[in-house]
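Text of the file upload-v5.cif, holding mmCIF, C-alpha atoms:
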```cif
data_final
loop_
_atom_site.group_PDB
_atom_site.id
_atom_site.type_symbol
_atom_site.label_atom_id
_atom_site.label_comp_id
_atom_site.auth_asym_id
_atom_site.auth_seq_id
_atom_site.Cartn_x
_atom_site.Cartn_y
_atom_site.Cartn_z
ATOM 1 C CA MET A 270 96.283 43.196 144.629
ATOM 2 C CA LEU A 271 94.576 41.479 147.561
ATOM 3 C CA ILE A 272 92.697 44.704 148.353
ATOM 4 C CA PHE A 273 91.222 44.863 144.861
ATOM 5 C CA ALA A 274 90.335 41.167 144.915
ATOM 6 C CA LEU A 275 88.553 41.683 148.223
ATOM 7 C CA ALA A 276 86.778 44.773 146.859
ATOM 8 C CA ILE A 277 85.679 42.766 143.805
ATOM 9 C CA LEU A 278 84.319 39.970 145.957
ATOM 10 C CA ILE A 279 82.487 42.237 148.406
ATOM 11 C CA SER A 280 80.994 44.416 145.684
ATOM 12 C CA ILE A 281 79.683 41.482 143.640
ATOM 13 C CA VAL A 282 78.158 39.887 146.755
ATOM 14 C CA MET A 283 76.469 43.165 147.703
ATOM 15 C CA TYR A 284 75.244 43.632 144.118
ATOM 16 C CA ILE A 285 73.608 40.194 144.158
ATOM 17 C CA TYR A 286 72.198 40.850 147.646
ATOM 18 C CA TYR A 287 70.456 44.061 146.576
ATOM 19 C CA LYS A 288 69.156 42.489 143.362
ATOM 20 C CA VAL A 289 67.589 39.663 145.381
ATOM 21 C CA MET A 290 66.130 42.162 147.848
ATOM 22 C CA ILE A 291 64.382 43.912 144.950
ATOM 23 C CA LEU A 292 62.471 40.697 144.287
ATOM 24 C CA ARG A 293 61.556 40.241 147.954
ATOM 25 C CA THR A 294 59.925 43.634 148.514
ATOM 26 C CA LYS A 295 56.630 44.948 147.173
ATOM 27 C CA ASP A 296 57.062 48.680 147.775
ATOM 28 C CA TYR A 297 58.106 50.443 144.568
ATOM 29 C CA LEU A 298 60.113 53.150 146.342
ATOM 30 C CA VAL A 299 62.124 50.544 148.257
ATOM 31 C CA GLN A 300 62.684 48.588 145.026
ATOM 32 C CA VAL A 301 64.074 51.667 143.299
ATOM 33 C CA TYR A 302 66.259 52.391 146.331
ATOM 34 C CA PHE A 303 67.658 48.837 146.306
ATOM 35 C CA ASN A 304 68.231 49.076 142.555
ATOM 36 C CA SER A 305 70.261 52.254 142.993
ATOM 37 C CA LYS A 306 72.315 50.610 145.754
ATOM 38 C CA ALA A 307 72.918 47.639 143.446
ATOM 39 C CA ARG A 308 73.987 50.050 140.722
ATOM 40 C CA PHE A 309 76.505 51.630 143.102
ATOM 41 C CA PHE A 310 78.036 48.236 143.910
ATOM 42 C CA LEU A 311 78.128 47.303 140.219
ATOM 43 C CA GLY A 312 80.150 50.444 139.602
ATOM 44 C CA THR A 313 82.458 49.596 142.488
ATOM 45 C CA PHE A 314 82.969 46.151 140.979
ATOM 46 C CA LEU A 315 83.835 47.606 137.566
ATOM 47 C CA ILE A 316 86.318 50.081 139.051
ATOM 48 C CA ALA A 317 88.069 47.460 141.189
ATOM 49 C CA PHE A 318 88.103 44.959 138.320
ATOM 50 C CA GLY A 319 89.585 47.502 135.904
ATOM 51 C CA ILE A 320 92.347 48.488 138.328
ATOM 52 C CA ASN A 321 93.077 44.865 139.219
ATOM 53 C CA GLN A 322 93.378 43.794 135.584
ATOM 54 C CA TYR A 323 95.753 46.592 134.731
ATOM 55 C CA LEU A 324 97.954 45.853 137.731
ATOM 56 C CA ALA A 325 98.028 42.167 136.804
ATOM 57 C CA TYR A 326 98.946 42.467 133.100
ATOM 58 C CA GLN A 327 100.178 46.044 132.361
ATOM 59 C CA PHE A 328 99.852 46.023 128.578
ATOM 60 C CA ALA A 329 98.733 48.979 126.469
ATOM 61 C CA PHE A 330 95.622 47.131 125.290
ATOM 62 C CA VAL A 331 94.695 46.188 128.861
ATOM 63 C CA LEU A 332 95.184 49.841 129.862
ATOM 64 C CA ILE A 333 92.581 50.941 127.297
ATOM 65 C CA ILE A 334 90.093 48.300 128.433
ATOM 66 C CA SER A 335 90.791 49.133 132.093
ATOM 67 C CA ILE A 336 90.170 52.827 131.480
ATOM 68 C CA ILE A 337 86.843 51.969 129.856
ATOM 69 C CA PHE A 338 85.897 49.781 132.852
ATOM 70 C CA ILE A 339 86.933 52.513 135.302
ATOM 71 C CA LEU A 340 84.943 55.181 133.447
ATOM 72 C CA LEU A 341 81.834 52.999 133.212
ATOM 73 C CA GLY A 342 82.214 52.005 136.856
ATOM 74 C CA GLY A 343 82.626 55.604 137.909
ATOM 75 C CA TYR A 344 79.469 56.548 136.018
ATOM 76 C CA GLN A 345 77.499 53.687 137.607
ATOM 77 C CA SER A 346 78.800 54.419 141.101
ATOM 78 C CA TYR A 347 78.182 58.155 140.881
ATOM 79 C CA HIS A 348 74.635 57.893 139.607
ATOM 80 C CA GLY A 349 73.813 54.961 141.868
ATOM 81 C CA PHE A 350 75.029 56.888 144.912
ATOM 82 C CA LYS A 351 73.067 59.997 143.960
ATOM 83 C CA ALA A 352 69.902 58.000 143.304
ATOM 84 C CA ALA A 353 70.229 56.033 146.551
ATOM 85 C CA ARG A 354 70.641 59.227 148.521
ATOM 86 C CA HIS A 355 67.597 60.763 146.801
ATOM 87 C CA TYR A 356 65.333 57.760 147.349
ATOM 88 C CA ASN A 357 66.479 57.379 150.943
ATOM 89 C CA LYS A 358 65.432 60.976 151.620
ATOM 90 C CA GLU A 359 62.094 60.373 149.880
ATOM 91 C CA TRP A 360 61.444 57.250 151.936
ATOM 92 C CA LYS A 361 62.231 59.101 155.163
ATOM 93 C CA ARG A 362 59.991 61.993 154.100
ATOM 94 C CA LEU A 363 57.046 59.700 153.340
ATOM 95 C CA ASN A 364 57.433 57.473 156.405
ATOM 96 C CA GLU A 365 57.836 60.031 159.169
#
```
Written form, structure tokens:
Amino acid sequence: MLIFALAILISIVMYIYYKVMILRTKDYLVQVYFNSKARFFLGTFLIAFGINQYLAYQFAFVLIISIIFILLGGYQSYHGFKAARHYNKEWKRLNE
């Protein structure tokens, strides 16, 4: 349970960090890259939160809600990771 609590804390801090960094930069490509990184950490937060809640309460209703959180988190993490990788390659290509 401590691992999931630590994962929740780290992922929410990193999500806020990347959202603030979006506001601090002017380059659109870097903003989109930071947004995709933030999306990845939001998904990580949802996955860890869903697992942590199910392990804490273990009711059938909590299982359904946890599965929804895990699926939404998996979707966010997957697409955030793919987008971050794409925009990182584009930034490297343009700034060589």
Next on the checklist: Let me make sure I understand: among A:Ile272, A:Ala329, A:Phe318, A:Tyr287, which one has the smallest atom-to-atom distance to A:Val299 if we use all atoms listed in the file?
Outcome noted: A:Tyr287
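Put simply, the PyMOL selection byres ((chain A and resi 337-346) around 6) on this file hits A:Arg308, A:Phe309, A:Gly312, A:Leu315, A:Ile316, A:Gly319, A:Ile334, A:Ser335, A:Ile336, A:Tyr347, A:His348, A:Gly349, A:Phe350.
Here atom CA of A:Arg293 stands at a distance of 20.0 Å from atom CA of A:Ser280.
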Checklist entry - By how many Å are atom CA of A:Leu292 and atom CA of A:Ile277 apart? => result 23.3 Å
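Taking atom CA of A:Asn357 and atom CA of A:Leu278 as endpoints, the distance between them is 25.4 Å.
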Checklist entry - Which residues come within 10 Å of A:Asn304, counting all atoms listed in the file, excluding same-chain residues fewer than 6 positions away, as an MDAnalysis selection string? => result chainID A and resid 284 287:291 298 310 349 352:353
